[in-house]
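Encoded as structure tokens, the structure appears first; notes follow it.
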Amino acid sequence: MEANKKYKDSIIRTLLNEPKKALRLYCDITGKAYTEDTVVEMKTIDTMLLSKLRNDISFIIDGKLVVFLEHQSTLNSNMPLRILQYIVLFFIAYYKTSKALYAQKLIRLPRPEFYVLYNGTAPCPDVLRLSDAFIETDDSPPSLELIVKIVNINYEALTPALHENDDIRGYAIFVDIINTGIQQGQSLSQAMRKAVDECIAKGILVDFLVQYRNEVESMFALVYDEEMAKQVAREEAREEGLELGREEGLELGREKGREEGREEGREEGREEGREEGREEGREEGLKAAAISLIKTGMKLQDVSTILGLSESLTEDVKQAI
């Protein structure tokens with residue numbers, strides 16, 4: 001394996017992207033029983049549209065398409081909509097449905113099941129539903145639905161079955177050691193080195209960590225940098241946006257107040273200023289976060305992808321550095 005060549009690469013994907021291990025995880029999560037000789041057909045799909053749905057482990061078993069997605073830190077409530085994009089493109093890509101949709105013969109498709117492997121610290125629901133995003137709801141079943149089951153793989157939250165899964169338990173312990181080290185003031189690289197050494201010493205994920213030690217540190221660092229970058233960008237954008245909003249809102253409020261009344265103008269000025277300030281603040285926050293990450297050694301192209309920078313904002317960052 002080449003370290004960090006694909007944006008979607010992750011420890012979970014590398015650790016479990018084998019038929020037997022994927023099947024074991026599915027059985028441990030669902031409680032279903034399959035023998036080791038059960039046919040498991042691994043599936044992947046790579047497109048620019050799906051670049052953010054990284055770390056997928058997809059396979060077909062017994063007429064079902066099972067998709068595991070790793071998600072860290074804050075759980076994204078829009079995951080059902082993102083997975084809807086994934087499954088549509090998956091069916092088109094693998095079953096050539098685009099040319100057969102108008103034929104009389106029924107296109108046979110494996111029934112999809114979606115799972116998010118979550119190791120964030122915030123409380124998470126058991127499922128996410130596409131219908132939760134619908135603007136209008138009533139008592140009748142929705143005509144379109146997509147359900148994503150959330151599997152908490154934090155060490156203290158592991159079910160008895162997952163606790164017996166050496167790969168998941170080992171990964172949970174590995175992440176827990178890293179998080180504990182960071183909370184104690186260690187740098188990310190220090191915490192990761194300690195986690196690798198400690199896990200090997202305790203016989204946890206030994207073969208995997210010995211073989212992929214450098215790759216593990218690179219993959220975990222990329223995900224950690226992405227989450228931190230997003231958090232920094234959100235905080236900086238919020239603070240700068242509020243400040244700009246206050247300043248511009250006060251100025252606009254004074255001008256409008258002289259024309260239509262001081263109190264009414266001040267209120268309208270605040271609202272318009274907040275809106276403009278949030279947008280400007282967001283861009284300034286993203287720019288500052290991007291520059292900070294580039295100074296740590298990350299490439300502009302990677303930073304632009306992680307933060308979702310526009311072409312113009314990417315150019316501004318390029319000129320600033």
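Chain identifiers are assigned as A, B, and so on, following the order in which chains appear in the structure tokens; residues are numbered from 1 within each chain, and ligands are numbered from 1 in order of appearance.
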
Check which residues of region 64-157 of chain A sit at most 12 Å from region 14-30 of chain A using only C-alpha atoms, and return one row each with the closest pair of atoms and their distance in Å to one decimal, ordered by chain and rising number, as CSV.
```
residue,atom,partner,partner_atom,distance
A:Lys64,CA,A:Tyr26,CA,11.4
A:Leu65,CA,A:Tyr26,CA,11.3
A:Val66,CA,A:Tyr26,CA,8.2
A:Val67,CA,A:Tyr26,CA,9.7
A:Phe68,CA,A:Ala22,CA,9.0
A:Leu69,CA,A:Leu16,CA,11.6
A:Glu70,CA,A:Leu16,CA,11.4
A:Glu113,CA,A:Tyr26,CA,10.3
A:Phe114,CA,A:Tyr26,CA,10.8
A:Tyr115,CA,A:Ile29,CA,9.4
A:Val116,CA,A:Ile29,CA,11.2
A:Leu117,CA,A:Ile29,CA,10.4
A:Lys149,CA,A:Ile29,CA,10.2
A:Ile150,CA,A:Ile29,CA,10.3
A:Val151,CA,A:Ile29,CA,7.8
A:Asn152,CA,A:Ile29,CA,10.4
A:Ile153,CA,A:Ile29,CA,10.6
```

Item to check | Distance criterion (only C-alpha atoms): nearest to Thr314 (chain A) out of A:Arg193, A:Lys287, A:Arg108, A:Lys299 | outcome: A:Lys287

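Using only C-alpha atoms, the nearest neighbour of Leu309 (chain A) within the list A:Leu162, A:Glu283, A:Ser218, A:Pro123 is A:Glu283.
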
Proximity of region 96-196 of chain A to region 81-88 of chain A: per-residue shortest pair, 9 Å limit, only C-alpha atoms, as JSON lines:
```
{"residue": "A:Pro112", "atom": "CA", "partner": "A:Ile87", "partner_atom": "CA", "distance": 8.1}
{"residue": "A:Phe114", "atom": "CA", "partner": "A:Ile83", "partner_atom": "CA", "distance": 8.2}
{"residue": "A:Arg129", "atom": "CA", "partner": "A:Leu81", "partner_atom": "CA", "distance": 8.9}
{"residue": "A:Leu130", "atom": "CA", "partner": "A:Leu81", "partner_atom": "CA", "distance": 6.2}
{"residue": "A:Ala133", "atom": "CA", "partner": "A:Leu81", "partner_atom": "CA", "distance": 8.7}
{"residue": "A:Leu146", "atom": "CA", "partner": "A:Leu84", "partner_atom": "CA", "distance": 7.2}
{"residue": "A:Val148", "atom": "CA", "partner": "A:Ile83", "partner_atom": "CA", "distance": 8.5}
```

With C-alpha atoms retained, export the selected residues as a compact mmCIF listing (two decimals), in the first residue's frame.
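Full text of out_5.txt as output:
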```
# COMPACT_ATOMS: atom_id res chain seq x y z
CA PRO A 112 -28.70 -1.77 0.30
CA PHE A 114 -25.91 1.52 5.30
CA ARG A 129 -33.20 9.18 8.13
CA LEU A 130 -33.47 11.06 4.86
CA ALA A 133 -34.74 16.59 6.14
CA LEU A 146 -33.02 6.17 3.25
CA VAL A 148 -28.38 5.00 7.96
```
